Every structure is written in structure tokens, then in C-alpha cells.
file start-v6.txt (compact mmCIF, C-alpha atoms)
# COMPACT_ATOMS: atom_id res chain seq x y z
CA MET B 1065 139.83 79.89 126.63
CA THR B 1066 136.68 80.32 124.54
CA ARG B 1067 136.90 78.40 121.25
CA LEU B 1068 136.46 80.04 117.87
CA ASN B 1069 133.98 78.75 115.30
CA GLN B 1070 135.29 75.63 113.48
CA THR B 1071 133.97 75.79 109.92
CA ILE B 1072 136.92 75.45 107.47
CA THR B 1073 137.14 72.28 105.35
CA ARG B 1074 140.23 70.99 103.50
CA TRP B 1075 139.18 72.48 100.16
CA GLN B 1076 138.21 75.78 101.73
CA GLY B 1077 141.62 75.79 103.43
CA ILE B 1078 143.32 75.27 100.06
CA GLY B 1079 141.33 78.21 98.72
CA LEU B 1080 142.26 80.42 101.67
CA ILE B 1081 146.01 79.70 101.50
CA ALA B 1082 146.14 79.84 97.68
CA THR B 1083 144.40 83.19 97.32
CA THR B 1084 146.35 84.55 100.29
CA LEU B 1085 149.60 83.85 98.43
CA LEU B 1086 148.38 84.65 94.93
CA GLY B 1087 146.81 87.83 96.19
CA THR B 1088 148.28 91.12 95.09
CA GLY B 1089 151.27 89.70 93.28
CA VAL B 1090 150.00 87.02 90.93
CA PHE B 1091 149.79 89.24 87.83
CA ILE B 1092 152.34 91.91 88.87
CA LEU B 1093 155.29 90.39 90.76
CA PRO B 1094 156.44 88.11 87.89
CA GLN B 1095 156.85 91.18 85.67
CA LEU B 1096 158.78 93.02 88.40
CA THR B 1097 161.17 90.08 88.84
CA ILE B 1098 161.74 89.99 85.08
CA ALA B 1099 162.69 93.67 85.20
CA VAL B 1100 165.33 92.75 87.79
CA ALA B 1101 166.59 89.33 86.66
CA GLY B 1102 165.64 89.16 82.99
CA ASP B 1103 165.34 85.67 81.52
CA LYS B 1104 166.58 84.09 84.77
CA ALA B 1105 163.52 85.24 86.71
CA ILE B 1106 161.90 81.80 86.28
CA TRP B 1107 164.90 80.20 88.00
CA ALA B 1108 164.54 82.69 90.85
CA TRP B 1109 160.89 81.65 91.30
CA ALA B 1110 161.74 77.95 91.11
CA LEU B 1111 164.50 78.36 93.72
CA LEU B 1112 162.12 80.32 95.94
CA LEU B 1113 159.47 77.57 95.70
CA LEU B 1114 162.02 74.92 96.65
CA GLY B 1115 162.93 76.98 99.71
CA ILE B 1116 159.31 77.69 100.67
CA LEU B 1117 158.05 74.07 100.57
CA PRO B 1118 160.03 72.85 103.62
CA LEU B 1119 159.03 76.02 105.48
CA THR B 1120 155.41 75.26 104.59
CA TYR B 1121 155.64 71.68 105.81
CA VAL B 1122 157.16 72.75 109.13
CA PHE B 1123 154.49 75.42 109.64
CA ALA B 1124 151.80 72.85 108.84
CA GLU B 1125 153.24 70.41 111.39
CA LEU B 1126 153.42 73.16 114.00
CA GLY B 1127 149.86 74.24 113.27
CA ARG B 1128 148.59 70.66 113.45
CA HIS B 1129 150.33 69.73 116.71
CA PHE B 1130 150.22 73.12 118.45
CA THR B 1131 146.94 74.58 117.26
CA HIS B 1132 146.58 78.11 118.58
CA THR B 1133 145.31 81.44 117.28
CA ALA B 1134 148.67 83.08 118.11
CA GLY B 1135 150.46 80.97 115.48
CA PRO B 1136 154.23 81.66 115.38
CA ALA B 1137 154.04 83.68 118.59
CA TYR B 1138 152.67 80.64 120.40
CA PHE B 1139 155.36 78.38 118.90
CA ALA B 1140 158.11 80.75 120.10
CA ASP B 1141 156.46 80.95 123.52
CA ARG B 1142 156.36 77.16 123.88
CA ALA B 1143 159.95 76.77 122.75
CA PHE B 1144 161.76 79.77 124.27
CA GLY B 1145 159.44 81.32 126.84
CA PRO B 1146 156.88 84.14 127.07
CA LEU B 1147 159.26 86.98 126.15
CA ALA B 1148 160.20 85.39 122.81
CA GLY B 1149 156.57 84.66 122.04
CA ARG B 1150 155.51 88.21 122.75
CA VAL B 1151 158.35 89.66 120.62
CA ILE B 1152 157.36 87.51 117.63
CA GLY B 1153 153.67 88.26 118.10
CA LEU B 1154 154.17 92.02 118.34
CA LEU B 1155 156.56 91.95 115.38
CA PHE B 1156 153.73 90.38 113.37
CA LEU B 1157 151.25 92.96 114.65
CA PHE B 1158 153.57 95.80 113.62
CA ALA B 1159 154.34 94.24 110.22
CA VAL B 1160 150.79 93.62 108.97
CA PRO B 1161 149.37 97.19 108.95
CA PRO B 1162 152.10 98.60 106.62
CA GLY B 1163 151.95 95.36 104.66
CA ALA B 1164 148.20 95.70 104.21
CA ALA B 1165 148.68 99.29 103.03
CA ALA B 1166 151.34 98.22 100.49
CA ALA B 1167 149.18 95.30 99.33
CA LEU B 1168 146.18 97.55 98.76
CA ILE B 1169 148.28 100.05 96.78
CA MET B 1170 149.48 97.17 94.59
CA THR B 1171 145.94 95.83 94.24
CA PHE B 1172 144.61 99.12 92.87
CA LYS B 1173 147.23 99.05 90.09
CA PHE B 1174 145.00 96.48 88.39
CA LEU B 1175 142.44 99.23 87.86
CA GLU B 1176 144.85 101.47 85.93
CA PRO B 1177 144.20 99.87 82.50
CA VAL B 1178 140.43 100.08 83.12
CA ILE B 1179 139.79 103.44 84.78
CA ALA B 1180 141.83 106.58 85.36
CA LEU B 1181 141.75 107.73 88.99
CA SER B 1182 143.48 110.63 90.68
CA ALA B 1183 145.67 110.02 93.73
CA GLU B 1184 142.91 111.33 95.99
CA GLN B 1185 140.29 109.08 94.37
CA LEU B 1186 142.60 106.08 94.77
CA LEU B 1187 143.04 106.84 98.47
CA CYS B 1188 139.27 107.11 98.99
CA GLY B 1189 138.71 103.84 97.13
CA GLU B 1190 141.38 102.07 99.19
CA LEU B 1191 139.83 103.29 102.45
CA LEU B 1192 136.41 102.06 101.30
CA ILE B 1193 137.90 98.60 100.68
CA PHE B 1194 139.16 98.53 104.28
CA LEU B 1195 135.62 99.29 105.44
CA LEU B 1196 134.20 96.55 103.20
CA LEU B 1197 136.69 94.02 104.60
CA PHE B 1198 135.45 94.70 108.11
CA PHE B 1199 131.88 93.75 107.18
CA VAL B 1200 133.05 90.66 105.21
CA ASN B 1201 135.37 89.44 107.97
CA ARG B 1202 133.06 90.00 110.91
CA ARG B 1203 130.88 87.05 109.83
CA GLY B 1204 133.72 84.52 109.81
CA LEU B 1205 135.77 82.68 107.22
CA GLN B 1206 133.41 80.05 105.86
CA LEU B 1207 132.06 82.41 103.19
CA SER B 1208 135.57 83.72 102.47
CA GLY B 1209 136.86 80.18 102.06
CA LYS B 1210 134.18 79.32 99.48
CA ILE B 1211 134.70 82.53 97.52
CA GLN B 1212 138.48 82.26 97.59
CA MET B 1213 138.48 78.61 96.47
CA GLY B 1214 136.37 79.63 93.46
CA LEU B 1215 138.74 82.54 92.79
CA THR B 1216 141.75 80.19 92.87
CA VAL B 1217 140.10 77.89 90.32
CA MET B 1218 139.37 80.86 88.03
CA ILE B 1219 142.96 82.15 88.20
CA LEU B 1220 144.30 78.65 87.54
CA PHE B 1221 141.96 78.29 84.54
CA VAL B 1222 142.98 81.65 83.02
CA VAL B 1223 146.72 81.02 83.50
CA THR B 1224 146.44 77.49 82.05
CA LEU B 1225 144.50 78.79 79.04
CA MET B 1226 147.12 81.48 78.42
CA LEU B 1227 149.92 78.91 78.70
CA ILE B 1228 148.22 76.64 76.15
CA LEU B 1229 147.61 79.51 73.72
CA SER B 1230 151.20 80.73 74.10
CA LEU B 1231 152.45 77.36 72.81
CA ILE B 1232 150.42 77.68 69.60
CA PRO B 1233 152.39 79.81 67.07
CA SER B 1234 150.44 82.31 64.99
CA SER B 1235 151.23 85.09 62.55
CA GLU B 1236 150.64 87.70 65.26
CA PHE B 1237 152.16 85.89 68.21
CA GLN B 1238 155.44 83.97 68.17
CA PRO B 1239 156.62 82.93 71.64
CA ILE B 1240 160.28 82.42 70.69
CA GLU B 1241 160.60 85.86 69.14
CA ALA B 1242 158.86 87.50 72.08
CA LEU B 1243 161.13 85.73 74.54
CA SER B 1244 164.20 87.03 72.77
CA ILE B 1245 163.14 90.60 73.62
CA THR B 1246 163.65 89.99 77.34
CA ARG B 1247 166.77 91.58 78.79
CA LYS B 1248 169.57 89.13 79.42
CA ILE B 1249 170.59 90.04 82.95
CA GLY B 1250 170.47 86.75 84.79
CA ASP B 1251 173.60 87.10 86.96
CA TYR B 1252 173.78 85.97 90.58
CA ASP B 1253 173.08 89.36 92.17
CA SER B 1254 170.04 90.01 90.01
CA MET B 1255 168.58 86.61 90.93
CA MET B 1256 169.01 87.47 94.62
CA GLN B 1257 167.22 90.79 94.03
CA ALA B 1258 164.40 88.95 92.26
CA ILE B 1259 164.08 86.50 95.17
CA ALA B 1260 164.04 89.39 97.67
CA LEU B 1261 161.09 90.87 95.77
CA ALA B 1262 159.34 87.53 95.14
CA VAL B 1263 159.37 86.63 98.86
CA TRP B 1264 156.38 89.00 99.11
CA SER B 1265 154.31 86.44 97.19
CA PHE B 1266 154.69 83.80 99.90
CA LEU B 1267 153.95 85.99 102.89
CA GLY B 1268 150.98 84.14 104.27
CA ILE B 1269 152.22 80.62 104.91
CA GLU B 1270 152.46 81.57 108.59
CA ALA B 1271 149.10 83.38 108.60
CA ILE B 1272 147.21 80.14 108.03
CA THR B 1273 148.54 78.80 111.36
CA HIS B 1274 146.48 81.47 113.13
CA LEU B 1275 143.40 79.89 111.57
CA ALA B 1276 144.24 76.23 112.28
CA GLY B 1277 141.82 76.18 115.20
CA GLU B 1278 138.94 76.96 112.82
CA PHE B 1279 139.46 73.85 110.66
CA LYS B 1280 136.76 71.22 111.16
CA ASP B 1281 139.44 68.49 111.31
CA VAL B 1282 142.82 70.12 111.81
CA LYS B 1283 144.67 66.81 112.32
CA LYS B 1284 143.47 65.43 108.99
CA ASP B 1285 143.10 68.47 106.74
CA PHE B 1286 145.59 71.13 107.81
CA ILE B 1287 148.83 69.73 106.32
CA PRO B 1288 147.30 68.67 102.94
CA ALA B 1289 145.50 72.01 102.60
CA THR B 1290 148.67 74.00 103.26
CA LEU B 1291 151.04 71.96 101.07
CA ILE B 1292 148.63 71.69 98.14
CA GLY B 1293 147.83 75.39 98.32
CA VAL B 1294 151.48 76.49 98.36
CA SER B 1295 152.54 74.08 95.59
CA LEU B 1296 149.68 75.26 93.39
CA VAL B 1297 150.64 78.88 93.99
CA GLY B 1298 154.31 78.27 93.17
CA LEU B 1299 153.44 76.65 89.84
CA ILE B 1300 151.06 79.50 88.96
CA TYR B 1301 153.78 82.10 89.69
CA ILE B 1302 156.30 80.24 87.53
CA GLY B 1303 153.74 80.03 84.72
CA CYS B 1304 152.89 83.73 85.02
CA THR B 1305 156.60 84.63 84.90
CA TRP B 1306 157.06 82.74 81.64
CA LEU B 1307 153.92 84.34 80.22
CA SER B 1308 155.04 87.83 81.28
CA MET B 1309 158.20 87.38 79.21
CA LEU B 1310 156.01 87.22 76.11
CA ALA B 1311 154.77 90.82 76.44
CA PRO B 1312 157.66 92.63 78.17
CA GLU B 1313 156.85 96.12 76.89
CA HIS B 1314 153.30 96.34 78.24
CA PRO B 1315 152.79 98.23 81.58
CA LEU B 1316 150.95 95.12 82.84
CA ALA B 1317 152.44 92.24 80.86
CA MET B 1318 149.71 89.72 81.70
CA VAL B 1319 147.03 92.14 80.49
CA GLY B 1320 148.97 92.83 77.29
CA LEU B 1321 149.49 89.12 76.59
CA PHE B 1322 145.84 88.27 77.25
CA GLU B 1323 144.76 90.96 74.79
CA MET B 1324 147.23 89.64 72.21
CA GLN B 1325 145.69 86.19 72.60
CA LEU B 1326 142.00 86.80 73.26
CA GLY B 1327 141.19 90.42 72.50
CA ASN B 1328 140.53 93.58 74.49
CA SER B 1329 138.77 91.80 77.36
CA GLY B 1330 142.18 91.18 78.98
CA ARG B 1331 142.18 94.38 80.98
CA TRP B 1332 138.81 93.46 82.48
CA ILE B 1333 139.45 89.76 83.16
CA ILE B 1334 143.06 89.97 84.37
CA GLY B 1335 142.43 93.28 86.11
CA GLY B 1336 139.30 91.95 87.80
CA LEU B 1337 140.92 88.72 88.97
CA GLY B 1338 144.00 90.56 90.22
CA PHE B 1339 141.92 93.15 92.04
CA ILE B 1340 139.65 90.63 93.78
CA SER B 1341 142.56 88.34 94.61
CA GLY B 1342 144.47 91.22 96.18
CA ILE B 1343 141.50 92.07 98.38
CA ALA B 1344 141.22 88.38 99.37
CA THR B 1345 144.86 88.42 100.52
CA ILE B 1346 144.32 91.47 102.70
CA ASN B 1347 141.15 89.86 104.06
CA ILE B 1348 142.99 86.77 105.32
CA TYR B 1349 145.71 88.89 106.91
CA PHE B 1350 143.15 90.90 108.85
CA ALA B 1351 141.55 87.61 109.91
CA SER B 1352 144.83 86.21 111.25
CA LEU B 1353 145.81 89.54 112.81
CA SER B 1354 142.53 89.83 114.72
CA ARG B 1355 142.91 86.25 116.03
CA LEU B 1356 146.42 86.99 117.27
CA ALA B 1357 145.28 90.19 118.97
CA TRP B 1358 142.36 88.27 120.53
CA SER B 1359 144.77 85.63 121.85
CA PHE B 1360 147.16 88.24 123.27
CA SER B 1361 144.23 90.01 124.91
CA ASN B 1362 143.17 86.76 126.61
CA ASP B 1363 146.76 86.40 127.88
CA GLY B 1364 146.74 89.94 129.29
CA ILE B 1365 149.34 91.28 126.83
CA LEU B 1366 146.97 93.56 124.93
CA PRO B 1367 143.98 95.55 126.29
CA GLU B 1368 140.99 93.56 127.53
CA PRO B 1369 138.41 94.99 125.03
CA LEU B 1370 140.21 93.20 122.17
CA ARG B 1371 139.04 89.85 123.51
CA THR B 1372 135.38 90.64 122.75
CA LEU B 1373 133.68 88.17 120.36
CA ASN B 1374 130.59 89.10 118.35
CA GLN B 1375 127.55 86.89 117.73
CA HIS B 1376 129.47 85.03 115.01
CA ARG B 1377 132.29 84.29 117.53
CA ILE B 1378 134.66 86.62 115.63
CA PRO B 1379 136.97 89.07 117.51
CA SER B 1380 135.32 92.09 115.90
CA VAL B 1381 136.85 94.74 118.19
CA ALA B 1382 140.38 93.52 117.40
CA LEU B 1383 139.45 93.35 113.71
CA MET B 1384 138.19 96.94 113.62
CA THR B 1385 141.17 98.21 115.65
CA PHE B 1386 143.78 96.92 113.23
CA ILE B 1387 141.82 97.87 110.14
CA VAL B 1388 141.81 101.44 111.47
CA ILE B 1389 145.58 101.26 112.14
CA SER B 1390 146.15 99.95 108.60
CA ALA B 1391 144.02 102.77 107.19
CA LEU B 1392 146.18 105.30 109.05
CA MET B 1393 149.31 103.67 107.61
CA LEU B 1394 147.77 103.98 104.14
CA VAL B 1395 147.11 107.70 104.67
CA LEU B 1396 150.65 108.24 105.98
CA SER B 1397 152.18 106.46 102.97
CA TYR B 1398 150.05 108.67 100.70
CA LEU B 1399 151.14 111.88 102.46
CA ALA B 1400 154.82 110.86 102.56
CA GLU B 1401 154.72 109.47 98.97
CA ILE B 1402 156.43 106.23 99.99
CA ASP B 1403 156.76 103.69 97.16
CA PHE B 1404 155.01 100.39 97.90
CA THR B 1405 158.12 98.34 96.97
CA VAL B 1406 160.07 99.99 99.80
CA ILE B 1407 157.32 99.09 102.28
CA ALA B 1408 157.18 95.57 100.83
CA HIS B 1409 160.89 95.00 101.51
CA TRP B 1410 160.48 96.18 105.12
CA VAL B 1411 157.55 93.82 105.62
CA ASN B 1412 159.45 90.96 103.94
CA GLY B 1413 162.28 91.40 106.43
CA SER B 1414 159.89 91.27 109.40
CA PHE B 1415 158.34 88.05 108.17
CA VAL B 1416 161.71 86.43 107.50
CA VAL B 1417 162.55 87.04 111.19
CA ILE B 1418 159.21 85.43 112.14
CA TYR B 1419 159.92 82.46 109.85
CA THR B 1420 163.41 81.98 111.28
CA ALA B 1421 162.12 82.06 114.86
CA SER B 1422 159.40 79.54 113.93
CA MET B 1423 161.94 77.15 112.42
CA LEU B 1424 164.12 77.37 115.54
CA ALA B 1425 161.05 76.75 117.70
CA ALA B 1426 160.13 73.75 115.54
CA TRP B 1427 163.58 72.28 116.20
CA LYS B 1428 162.66 72.06 119.88
CA LEU B 1429 158.97 71.25 119.58
CA LEU B 1430 158.66 68.72 116.75
CA ASP B 1431 159.87 65.14 116.33
CA ARG B 1432 163.35 64.42 115.01
CA ARG B 1433 161.85 63.18 111.73
CA CYS B 1434 160.98 66.81 110.93
CA ARG B 1435 164.55 68.06 111.34
CA PRO B 1436 165.62 67.66 107.68
CA ALA B 1437 162.70 69.89 106.67
CA ILE B 1438 163.52 72.33 109.49
CA THR B 1439 167.16 72.49 108.36
CA ALA B 1440 166.06 73.17 104.78
CA GLY B 1441 163.72 75.86 106.11
CA LEU B 1442 166.54 77.55 108.04
CA ILE B 1443 168.75 77.48 104.93
CA ALA B 1444 165.90 79.11 102.97
CA CYS B 1445 165.57 81.81 105.66
CA GLY B 1446 169.32 82.46 105.37
CA LEU B 1447 168.91 82.86 101.60
CA PHE B 1448 166.05 85.31 102.11
CA ILE B 1449 168.05 87.35 104.64
CA TYR B 1450 170.99 87.54 102.24
CA SER B 1451 168.77 88.57 99.32
CA LEU B 1452 167.02 91.32 101.34
CA GLY B 1453 170.31 92.84 102.50
CA THR B 1454 169.94 96.23 104.20
CA ALA B 1455 166.12 95.98 104.15
CA MET B 1456 166.52 93.58 107.10
CA PHE B 1457 167.55 96.50 109.34
CA TYR B 1458 163.92 97.60 109.69
CA ALA B 1459 162.91 94.22 111.12
CA LEU B 1460 166.00 93.90 113.32
CA ILE B 1461 165.63 97.40 114.78
CA LEU B 1462 161.90 96.89 115.30
CA GLY B 1463 162.51 93.55 117.00
CA LEU B 1464 165.16 95.10 119.26
CA LEU B 1465 162.87 97.97 120.26
CA ILE B 1466 160.03 95.56 121.03
CA THR B 1467 162.35 93.39 123.12
CA LEU B 1468 163.66 96.35 125.11
CA ALA B 1469 160.12 97.65 125.67
CA LEU B 1470 158.91 94.26 126.93
CA MET B 1471 161.94 93.84 129.18
CA GLY B 1472 161.32 97.32 130.57
CA GLN B 1473 157.69 96.38 131.17
CA GLN B 1474 158.78 93.28 133.09
CA VAL B 1475 161.14 95.33 135.26
CA TRP B 1476 158.37 97.87 135.97
CA ARG B 1477 155.91 95.14 136.94
CA ARG B 1478 158.42 93.50 139.27
CA SER B 1479 159.08 96.90 140.85
CA GLU B 1480 155.35 97.51 141.31
CA LEU B 1481 154.92 94.07 142.87
CA ALA B 1482 157.85 94.69 145.22
CA ASN B 1483 156.34 98.01 146.30
CA GLU B 1484 152.96 96.37 146.96
CA ARG B 1485 154.62 93.73 149.13
CA ALA B 1486 156.58 96.41 150.99
CA ASP B 1487 153.35 98.30 151.73
CA LEU B 1488 151.86 95.13 153.18
call {"tool": "encode", "arguments": {"input": "start-v6.txt", "output": "C-alpha cells"}}
result
Amino acid sequence: MTRLNQTITRWQGIGLIATTLLGTGVFILPQLTIAVAGDKAIWAWALLLLGILPLTYVFAELGRHFTHTAGPAYFADRAFGPLAGRVIGLLFLFAVPPGAAAALIMTFKFLEPVIALSAEQLLCGELLIFLLLFFVNRRGLQLSGKIQMGLTVMILFVVTLMLILSLIPSSEFQPIEALSITRKIGDYDSMMQAIALAVWSFLGIEAITHLAGEFKDVKKDFIPATLIGVSLVGLIYIGCTWLSMLAPEHPLAMVGLFEMQLGNSGRWIIGGLGFISGIATINIYFASLSRLAWSFSNDGILPEPLRTLNQHRIPSVALMTFIVISALMLVLSYLAEIDFTVIAHWVNGSFVVIYTASMLAAWKLLDRRCRPAITAGLIACGLFIYSLGTAMFYALILGLLITLALMGQQVWRRSELANERADL
């Protein structure tokens, strides 16, 4: 198979994974989890991070030892056969377009404190972003990696500055008093609801495996880049959750807190960082999606035109195809007035199925020394499934339909082959 362009360094990889996970949720999701779990939202984030780290390590080991653009689909194929691999791959392909639509809707919420846009203007702006991402992505990920590493450093700087300022009491800003405003929910069920919502923030730890083949030194850099990126993201989310508790009444708590601390520039700085970070997340998902489609096209699963590489050795036809599909999903969600949190839960369920299948594949593919981490990853997947509840039905039904369709396709091909042999 033709190789893709290997340009990603360790630090660029950290930037890619960090901004992929920070993305649309870094300044919004903490506030949403507080609305659900009150003052126990931080514990929900901490528990989620503890569950995500073993998953991350296992994905990094899989990506390092079984480097392939198909990522989890390839792992399932190696462990359980072609049918399992194709089911997981197609589940990913069906999950990303609605996920990209939901992520873009969330991203544009950062513009609300800055500029008032009608629903139609928002839709046009969102579609223009999809077009922009095509032109950014078609040249490869080296530029994206550099930009996204710089963006991660900026977000980390802003959050750290806000944390330091929040610990300095003033006449206008008293952290202890502000914290006491937060609703005291904090029971077990509300923590599970917060985790079900917060899982969205870590969708992307599997996407980096699609890009492992584009690391300059995957054996040396892939695991450190992934683990450092995820740990950094988890700490930032926990910090943002604590900060969001200090301005609970503001529509965007992080914007309100920044303005309390540093003046009216908050809506521009937080809004700008959140907006750009959200676009960066969608960018990396389109990158991984196009690589998976390219791989499936080379294997004869998807149409042959999707295997076309441009002059930058990027699968541009696959990239454009799925950007168009995502744009159609965005238009449909606008016409049907579907709330982005509903779509997010559906997508979360699909990715939990992918994570579970990857952990089971790792049990067969990796050394025994990895099994404690794999076991912890499976326990985390069980926790996510329990927290999502009925939202898992979307993923389970979709997976069943894909399986039945693929099995039907196999039966049809065997029948066609039998007829050809009979004619001979």
C-alpha cells in the first residue's frame, strides 16, 4: 500500500491530541457538568480522567505496534477477522459526520457573547467553516500540528492565569463565596449523568491512531505524545470546572469569570480560543476519517475513487466526500431542530462501542504486561455504558444494522461467485 507523508513530531503530536480533546468542550462542557452534578462535577471529571488514562495507554500501544490508517477497525480486523473490522470502521464512519455537526454547533456558541447571528446566518457560517477545513486539511497535518500545539499552550496559559487569579481574594471577587452559590446536587446519579456528558471531551483518543503512520518516529514518539496530551487535557478540564463554579450565573461561565478578573476582553479571548479550538477538533476528525476511508478503499470495502491521493499525498477525495456528508447532517439538524446534546450522546455511545471493541482486540494482540491496563480500560467502558443508559441504543442498533448489511453482502458475493462457477 502507498505510504502517507510522515511529518508529525512528538510535540506536534501532543498538540494534535490535546487540541482534539480540548476542542469544542474546553470552555463549555465543565459548565454543563456543573449544571448536572453541582459541586461534585470536579469528582466526575477526575473519575473520568482515571478511566481514560488506561484506555489511552492501550490505544497508544496498539497504534505503536499495529500502525495503520484504519486505527480501531484494523485492530478489530487483526483480532477477530474482517467482518468485525469492517463493522467497527463503518460505525466510526457513521458516527463522525453527526459528531462533526454537533461539534460545530457547539463551537459557534463561543460567538454568542461577541456577535448576534440569526439561525440562518449561523448555518451559513458553519458551512463556510467546513469548506475552510477542506483547504486546510488537503495540505497535510504538519501545519495543523504546529498551529494546534501553539493553541494548546495558549489555552494552558489562560487557564493557569485564571486559576492563579482566582486564589487571590479581592473586594470584588471572593472564591469561597462564589463557590457556595453552586447547587449542591452531587448524588451518584448526577455524577453518572455528568460523566455521560463529559465523555464527549475525550472523543479523539482513538482518532490519533489513524494518524500514527504519519509520525516521523512512531515507535519512539507515539506513546509519549498520546499520554502527555491526554493528561494535560484532563488537568485543564478539571481546572476549568473549578473556575466555572466561580461564575455560575453567567451564560458562559469562563467568559464571565475572565471578565470579573481581567475586564471586558474575556468574551474575545475565551470566545476566540474556544472557537479556534473547536475548529481544530473538527479538523483532526476529518483527517482521521479521510485516512480510514482511504484505507477501506484500498481494501475494496469502499468505492475506488476514495483511494486517490493529491500532490501532498492526502486522500483529498475521501476528505471532500465526508465533509459534504457532515454538511448535509448539519443542514438536517438545523431543519429538524435537533439539540446538539442529543446528538452528542448518540455519538458518545458509538465511540464507547469502538473503545470496547479496541480493548477486547488489545487483549488478543498485545503482550500480557498490558492486560492490567486493558482490564482497567474495559471497566472504564462499562462505566461509560452505564452512564449513557438509553443513549447506547443508537450505537447498538446502528452496529446491528451494519453487521446485518455486511453479512448480507457476503452472502450475495458468495452467491455471485457460485453462479459464475456454474456458468463455467
call {"tool": "residues_around", "arguments": {"input": "start-v6.txt", "residues": "Gly1163 in chain B", "least_positions_apart": "6", "cutoff": "8 Å", "atoms": "all atoms listed in the file", "output": "ChimeraX atom specification"}}
result
/B:1407-1408,1411
call {"tool": "axis_aligned_box", "arguments": {"input": "start-v6.txt", "around": "range 1145-1163 of chain B", "padding_each_side": "3 Å", "output": "lines of an AutoDock Vina configuration file"}}
result
center_x = 154.8
center_y = 90.0
center_z = 115.9
size_x = 16.8
size_y = 23.3
size_z = 28.4
call {"tool": "closest_atom_pairs", "arguments": {"input": "start-v6.txt", "of": "range 1330-1438 of chain B", "to": "range 1168-1189 of chain B", "cutoff": "8 Å", "atoms": "all atoms listed in the file", "output": "tab-separated table"}}
result
residue	atom	partner	partner_atom	distance
B:Arg1331	CA	B:Pro1177	CA	6.0
B:Trp1332	CA	B:Val1178	CA	6.8
B:Ile1334	CA	B:Phe1174	CA	7.9
B:Gly1335	CA	B:Phe1174	CA	4.7
B:Gly1336	CA	B:Phe1174	CA	7.3
B:Gly1338	CA	B:Phe1174	CA	6.3
B:Phe1339	CA	B:Thr1171	CA	5.3
B:Gly1342	CA	B:Thr1171	CA	5.2
B:Ile1343	CA	B:Thr1171	CA	7.1
B:Ile1346	CA	B:Leu1168	CA	7.5
B:Leu1394	CA	B:Leu1187	CA	7.9
B:Val1395	CA	B:Leu1187	CA	7.5
B:Tyr1398	CA	B:Leu1187	CA	7.6
B:Phe1404	CA	B:Ile1169	CA	6.8
call {"tool": "closest_residue", "arguments": {"input": "start-v6.txt", "among": "B:Ile1402, B:Val1319, B:Ala1143, B:Val1122", "to": "Arg1433 in chain B", "atoms": "only C-alpha atoms"}}
result
B:Val1122
call {"tool": "closest_residue", "arguments": {"input": "start-v6.txt", "among": "B:Trp1107, B:Tyr1458, B:Phe1144, B:Phe1156", "to": "Tyr1252 in chain B", "atoms": "all atoms listed in the file"}}
result
B:Trp1107
call {"tool": "residues_around", "arguments": {"input": "start-v6.txt", "residues": "Ala1391 in chain B", "least_positions_apart": "2", "cutoff": "8 Å", "atoms": "all atoms listed in the file", "output": "number ranges by chain"}}
result
B: 1161, 1165, 1191, 1194, 1387-1389, 1393-1395
call {"tool": "closest_residue", "arguments": {"input": "start-v6.txt", "among": "B:Ser1329, B:Thr1439, B:Ser1352, B:Thr1454", "to": "Trp1410 in chain B", "atoms": "only C-alpha atoms"}}
result
B:Thr1454
call {"tool": "residues_around", "arguments": {"input": "start-v6.txt", "residues": "range 1298-1303 of chain B", "least_positions_apart": "6", "cutoff": "8 Å", "atoms": "only C-alpha atoms", "output": "short mmCIF file (atom, residue, chain, number, x, y, z; two decimals) with C-alpha atoms, keeping the file's coordinate frame"}}
result
data_model
loop_
_atom_site.label_atom_id
_atom_site.label_comp_id
_atom_site.auth_asym_id
_atom_site.auth_seq_id
_atom_site.Cartn_x
_atom_site.Cartn_y
_atom_site.Cartn_z
CA LEU B 1086 148.38 84.65 94.93
CA VAL B 1090 150.00 87.02 90.93
CA PRO B 1094 156.44 88.11 87.89
CA ILE B 1106 161.90 81.80 86.28
CA TRP B 1109 160.89 81.65 91.30
CA ALA B 1110 161.74 77.95 91.11
CA LEU B 1113 159.47 77.57 95.70
CA LEU B 1220 144.30 78.65 87.54
CA VAL B 1223 146.72 81.02 83.50
CA LEU B 1227 149.92 78.91 78.70
#
call {"tool": "closest_residue", "arguments": {"input": "start-v6.txt", "among": "B:Leu1353, B:Val1406, B:Cys1445, B:Ile1098", "to": "Met1255 in chain B", "atoms": "all atoms listed in the file"}}
result
B:Ile1098
